file run03.cif (mmCIF, C-alpha atoms)
data_entry
loop_
_atom_site.label_atom_id
_atom_site.label_comp_id
_atom_site.auth_asym_id
_atom_site.auth_seq_id
_atom_site.Cartn_x
_atom_site.Cartn_y
_atom_site.Cartn_z
CA ARG A 1 -4.08 26.40 2.56
CA GLN A 2 -1.98 24.37 4.93
CA GLY A 3 -2.97 20.71 5.29
CA MET A 4 -4.94 20.61 2.04
CA LEU A 5 -4.20 17.79 -0.37
CA GLU A 6 -3.61 19.47 -3.72
CA ASP A 7 -2.99 16.28 -5.71
CA PRO A 8 -6.40 15.08 -7.00
CA ALA A 9 -5.33 11.41 -7.14
CA LEU A 10 -3.99 11.47 -3.58
CA ARG A 11 -7.11 13.26 -2.36
CA ALA A 12 -9.32 10.65 -4.09
CA PHE A 13 -7.32 7.86 -2.44
CA VAL A 14 -7.59 9.38 1.05
CA LEU A 15 -11.32 9.97 0.63
CA THR A 16 -11.90 6.28 -0.18
CA ASN A 17 -11.18 5.68 3.51
CA LEU A 18 -13.86 8.09 4.76
CA GLU A 19 -17.47 7.03 5.22
CA GLN A 20 -20.73 8.51 6.49
CA ARG A 21 -22.37 6.70 9.37
CA ARG A 22 -26.02 6.17 8.59
CA ILE A 23 -28.48 7.29 11.24
CA SER A 24 -32.11 6.32 10.92
CA LYS A 25 -34.92 8.62 12.07
CA ASP A 26 -35.63 6.13 14.87
CA ASP A 27 -32.10 6.63 16.27
CA ASP A 28 -32.53 10.40 16.42
CA ASP A 29 -34.10 11.98 19.51
CA ASP A 30 -36.45 14.35 17.70
CA GLY A 31 -37.31 12.06 14.79
CA LYS A 32 -35.51 14.27 12.24
CA ASN A 33 -32.36 13.50 10.36
CA THR A 34 -29.47 15.40 11.84
CA GLU A 35 -25.93 15.89 10.67
CA VAL A 36 -24.50 12.52 9.63
CA PRO A 37 -21.08 12.04 11.20
CA LEU A 38 -18.11 11.07 9.09
CA ARG A 39 -15.61 8.48 10.23
CA TRP A 40 -12.46 6.82 8.97
CA LYS A 41 -12.73 3.18 7.89
CA ILE A 42 -9.10 2.51 8.61
CA TYR A 43 -7.23 2.61 11.91
CA TRP A 44 -5.47 5.98 11.52
CA GLU A 45 -4.19 6.02 15.09
CA GLY A 46 -2.25 2.80 14.48
CA ILE A 47 -0.80 4.14 11.24
CA VAL A 48 0.27 7.36 12.95
CA GLN A 49 1.81 5.41 15.86
CA GLU A 50 3.83 3.21 13.49
CA LEU A 51 4.54 5.79 10.76
CA ASP A 52 8.24 6.06 11.57
CA SER A 53 8.59 2.30 11.32
CA ILE A 54 6.52 2.09 8.12
CA ALA A 55 8.18 5.03 6.38
CA GLY A 56 11.63 4.11 7.68
CA PHE A 57 11.76 0.63 6.16
CA ASP A 58 14.68 0.55 3.75
CA VAL A 59 15.46 -2.82 2.22
CA HIS A 60 19.10 -1.86 1.83
CA ASP A 61 19.46 -1.20 5.58
CA ARG A 62 17.73 -4.46 6.58
CA VAL A 63 20.21 -6.94 5.13
CA MET A 64 23.90 -7.18 5.94
CA ASP A 65 26.34 -6.34 3.18
CA ASP A 66 27.00 -9.33 0.90
CA SER A 67 30.74 -8.58 1.01
CA ALA A 68 30.95 -9.77 4.64
CA SER A 69 33.50 -12.41 5.67
CA ASP A 70 32.97 -16.12 4.99
CA ASP A 71 32.05 -16.66 8.66
CA ALA A 72 29.07 -14.36 8.26
CA THR A 73 27.78 -15.96 5.05
CA GLU A 74 25.29 -18.23 6.83
CA ILE A 75 23.98 -15.34 8.96
CA ILE A 76 23.49 -13.18 5.87
CA HIS A 77 21.69 -16.00 4.08
CA GLN A 78 19.37 -16.54 7.09
CA GLN A 79 18.61 -12.81 7.37
CA LYS A 80 17.63 -12.64 3.72
CA HIS A 81 15.51 -15.77 4.01
CA ASP A 82 13.75 -14.48 7.16
CA MET A 83 12.69 -11.37 5.26
CA GLN A 84 11.27 -13.24 2.28
CA TYR A 85 7.60 -13.80 1.67
CA GLU A 86 7.20 -17.08 -0.23
CA GLY A 87 3.51 -16.63 -1.10
CA ASP A 88 2.13 -15.18 -4.29
CA VAL A 89 2.40 -11.39 -4.60
CA PHE A 90 0.90 -9.22 -7.33
CA PHE A 91 2.31 -5.75 -7.93
CA ILE A 92 0.42 -3.32 -10.14
CA HIS A 93 2.74 -0.52 -11.21
CA GLY A 94 1.65 2.81 -12.61
CA GLY A 95 3.69 3.44 -15.74
CA ALA A 96 4.07 7.14 -14.94
CA SER A 97 5.19 6.42 -11.37
CA ARG A 98 8.84 6.65 -10.33
CA PHE A 99 8.36 4.32 -7.34
CA VAL A 100 9.02 1.02 -9.12
CA ARG A 101 12.00 1.29 -11.42
CA HIS A 102 13.52 -1.42 -13.58
CA SER A 103 16.61 -1.43 -11.36
CA TYR A 104 14.41 -2.41 -8.36
CA ILE A 105 13.14 -5.65 -9.87
CA SER A 106 15.98 -7.78 -8.47
CA THR A 107 15.40 -6.35 -4.98
CA ILE A 108 11.66 -7.02 -5.25
CA ALA A 109 12.41 -10.58 -6.38
CA SER A 110 14.74 -11.15 -3.44
CA PHE A 111 11.99 -10.31 -0.94
CA PHE A 112 9.06 -11.73 -2.95
CA PRO A 113 10.38 -14.66 -5.01
CA ASN A 114 6.87 -15.57 -6.26
CA HIS A 115 5.86 -12.11 -7.42
CA MET A 116 4.14 -10.99 -10.56
CA LEU A 117 4.44 -7.38 -11.71
CA THR A 118 2.31 -5.67 -14.31
CA THR A 119 2.06 -2.06 -15.46
CA ILE A 120 -0.87 0.22 -16.25
CA ARG A 121 0.50 2.74 -18.68
CA GLY A 122 -0.14 6.44 -18.26
CA VAL A 123 -1.05 6.41 -14.56
CA GLY A 124 0.97 7.34 -11.48
CA HIS A 125 1.56 5.66 -8.14
CA TRP A 126 -2.11 5.56 -7.07
CA VAL A 127 -3.25 3.12 -9.77
CA HIS A 128 -6.45 2.19 -7.92
CA ALA A 129 -7.51 5.85 -7.73
CA GLU A 130 -6.34 6.91 -11.20
CA ALA A 131 -7.43 3.81 -13.13
CA PRO A 132 -9.92 1.90 -10.97
CA ASP A 133 -11.48 -0.10 -13.82
CA ASP A 134 -8.10 -1.26 -15.14
CA THR A 135 -6.95 -2.11 -11.61
CA ILE A 136 -10.07 -4.18 -10.90
CA ALA A 137 -9.78 -5.98 -14.23
CA LEU A 138 -6.15 -6.89 -13.53
CA LEU A 139 -6.96 -8.07 -10.01
CA LYS A 140 -9.82 -10.25 -11.29
CA LYS A 141 -7.60 -11.75 -13.97
CA TYR A 142 -4.85 -12.44 -11.41
CA LEU A 143 -7.23 -13.99 -8.86
CA ASP A 144 -8.95 -16.14 -11.52
CA ARG A 145 -5.69 -17.64 -12.78
#
call {"tool": "encode", "arguments": {"input": "run03.cif", "output": "structure tokens"}}
result
Amino acid sequence: RQGMLEDPALRAFVLTNLEQRRISKDDDDDGKNTEVPLRWKIYWEGIVQELDSIAGFDVHDRVMDDSASDDATEIIHQQKHDMQYEGDVFFIHGGASRFVRHSYISTIASFFPNHMLTTIRGVGHWVHAEAPDDTIALLKKYLDR
């Protein structure tokens, strides 16, 4: 069927953003419970509007080539600095995911110099859907440090 999410982990992730609105009997005209409407918790319209921008972000396209002339060195340095986030960042990587590879660590460090990365073995990209207990335990440990 077209539009159906076949991947169980992806489907579980998407469904975490769907909720039923509770309607009390007092809110209903005839005093009976009627069909409870579903709604999205997140702002889908905004995501859809900005999807090209979100999906199109490529760190390699955002920074000028380091082989530029000496005159451009200061501009390159400023561009890299402007794109850095200096705060603490915690990445939880699924060991079976191909999204965070060892070769990407230097790029991650250049954008997030104060990052910490940990891996949950045997799970894919959607660590919070595939291993929720492990993800929560790691987040608690990180936040309690």
call {"tool": "atom_distance", "arguments": {"input": "run03.cif", "atom1": "CA of Gly124 in chain A", "atom2": "CA of Val100 in chain A"}}
result
10.5 Å
call {"tool": "closest_residue", "arguments": {"input": "run03.cif", "among": "A:Gln84, A:Gln49, A:Thr16, A:Thr135", "to": "Thr119 in chain A", "atoms": "all atoms listed in the file"}}
result
A:Thr135
call {"tool": "closest_residue", "arguments": {"input": "run03.cif", "among": "A:Thr118, A:Phe112, A:Leu143, A:Ser103", "to": "Gly87 in chain A", "atoms": "only C-alpha atoms"}}
result
A:Phe112
call {"tool": "closest_residue", "arguments": {"input": "run03.cif", "among": "A:Ser53, A:Gly94, A:Ile47, A:Lys41", "to": "Ala131 in chain A", "atoms": "only C-alpha atoms"}}
result
A:Gly94
call {"tool": "closest_residue", "arguments": {"input": "run03.cif", "among": "A:Ile42, A:Ile108, A:Ile92, A:Met116", "to": "Val14 in chain A", "atoms": "only C-alpha atoms"}}
result
A:Ile42
call {"tool": "residues_around", "arguments": {"input": "run03.cif", "residues": "Lys140 in chain A", "least_positions_apart": "6", "cutoff": "12 Å", "atoms": "only C-alpha atoms", "output": "VMD selection string"}}
result
chain A and resid 90 133 to 134
call {"tool": "closest_residue", "arguments": {"input": "run03.cif", "among": "A:His93, A:Pro8, A:His115, A:Gly122", "to": "Leu138 in chain A", "atoms": "only C-alpha atoms"}}
result
A:His93
call {"tool": "closest_residue", "arguments": {"input": "run03.cif", "among": "A:Gly46, A:Ala137, A:Val123, A:Phe111", "to": "Arg98 in chain A", "atoms": "all atoms listed in the file"}}
result
A:Val123
call {"tool": "atom_distance", "arguments": {"input": "run03.cif", "atom1": "CA of His128 in chain A", "atom2": "CA of Leu51 in chain A"}}
result
22.0 Å
call {"tool": "build_atoms", "arguments": {"input": "run03.cif", "residues": "range 109-127 of chain A", "atoms": "N, CA, C and O atoms", "output": "CSV table (one decimal), in the frame of the given file"}}
result
chain,number,residue,atom,x,y,z
A,109,ALA,N,12.4,-9.1,-6.3
A,109,ALA,CA,12.4,-10.6,-6.4
A,109,ALA,C,13.1,-11.2,-5.2
A,109,ALA,O,12.7,-12.3,-4.8
A,110,SER,N,14.1,-10.6,-4.6
A,110,SER,CA,14.7,-11.2,-3.4
A,110,SER,C,13.8,-11.2,-2.2
A,110,SER,O,14.0,-12.1,-1.4
A,111,PHE,N,12.9,-10.3,-2.1
A,111,PHE,CA,12.0,-10.3,-0.9
A,111,PHE,C,10.7,-11.1,-1.2
A,111,PHE,O,10.1,-11.6,-0.4
A,112,PHE,N,10.3,-11.1,-2.5
A,112,PHE,CA,9.1,-11.7,-3.0
A,112,PHE,C,9.4,-12.6,-4.1
A,112,PHE,O,9.1,-12.3,-5.3
A,113,PRO,N,9.9,-13.8,-3.9
A,113,PRO,CA,10.4,-14.7,-5.0
A,113,PRO,C,9.2,-15.1,-5.9
A,113,PRO,O,9.5,-15.5,-7.1
A,114,ASN,N,8.0,-15.1,-5.4
A,114,ASN,CA,6.9,-15.6,-6.3
A,114,ASN,C,6.0,-14.4,-6.6
A,114,ASN,O,4.8,-14.4,-6.5
A,115,HIS,N,6.6,-13.3,-7.1
A,115,HIS,CA,5.9,-12.1,-7.4
A,115,HIS,C,5.5,-12.1,-8.9
A,115,HIS,O,6.2,-12.7,-9.7
A,116,MET,N,4.5,-11.3,-9.2
A,116,MET,CA,4.1,-11.0,-10.6
A,116,MET,C,4.0,-9.5,-10.6
A,116,MET,O,3.4,-8.9,-9.7
A,117,LEU,N,4.5,-8.8,-11.6
A,117,LEU,CA,4.4,-7.4,-11.7
A,117,LEU,C,3.9,-7.0,-13.1
A,117,LEU,O,4.3,-7.6,-14.1
A,118,THR,N,2.9,-6.2,-13.1
A,118,THR,CA,2.3,-5.7,-14.3
A,118,THR,C,2.2,-4.1,-14.2
A,118,THR,O,2.3,-3.6,-13.2
A,119,THR,N,2.1,-3.5,-15.4
A,119,THR,CA,2.1,-2.1,-15.5
A,119,THR,C,0.8,-1.6,-16.1
A,119,THR,O,0.4,-2.1,-17.1
A,120,ILE,N,0.2,-0.5,-15.6
A,120,ILE,CA,-0.9,0.2,-16.2
A,120,ILE,C,-0.2,1.5,-16.8
A,120,ILE,O,0.2,2.3,-16.0
A,121,ARG,N,-0.2,1.6,-18.1
A,121,ARG,CA,0.5,2.7,-18.7
A,121,ARG,C,-0.3,4.0,-18.5
A,121,ARG,O,-1.5,4.0,-18.4
A,122,GLY,N,0.5,5.1,-18.3
A,122,GLY,CA,-0.1,6.4,-18.3
A,122,GLY,C,-0.7,6.9,-16.9
A,122,GLY,O,-1.3,7.9,-16.8
A,123,VAL,N,-0.6,6.0,-15.9
A,123,VAL,CA,-1.0,6.4,-14.6
A,123,VAL,C,0.1,6.5,-13.6
A,123,VAL,O,1.2,5.9,-13.8
A,124,GLY,N,-0.1,7.2,-12.5
A,124,GLY,CA,1.0,7.3,-11.5
A,124,GLY,C,0.9,6.2,-10.4
A,124,GLY,O,0.5,5.1,-10.6
A,125,HIS,N,1.4,6.6,-9.2
A,125,HIS,CA,1.6,5.7,-8.1
A,125,HIS,C,0.2,5.1,-7.6
A,125,HIS,O,0.1,4.0,-7.2
A,126,TRP,N,-0.8,5.9,-7.6
A,126,TRP,CA,-2.1,5.6,-7.1
A,126,TRP,C,-3.0,4.9,-8.1
A,126,TRP,O,-4.0,5.4,-8.5
A,127,VAL,N,-2.6,3.8,-8.6
A,127,VAL,CA,-3.2,3.1,-9.8
A,127,VAL,C,-4.7,2.9,-9.5
A,127,VAL,O,-5.6,3.0,-10.4
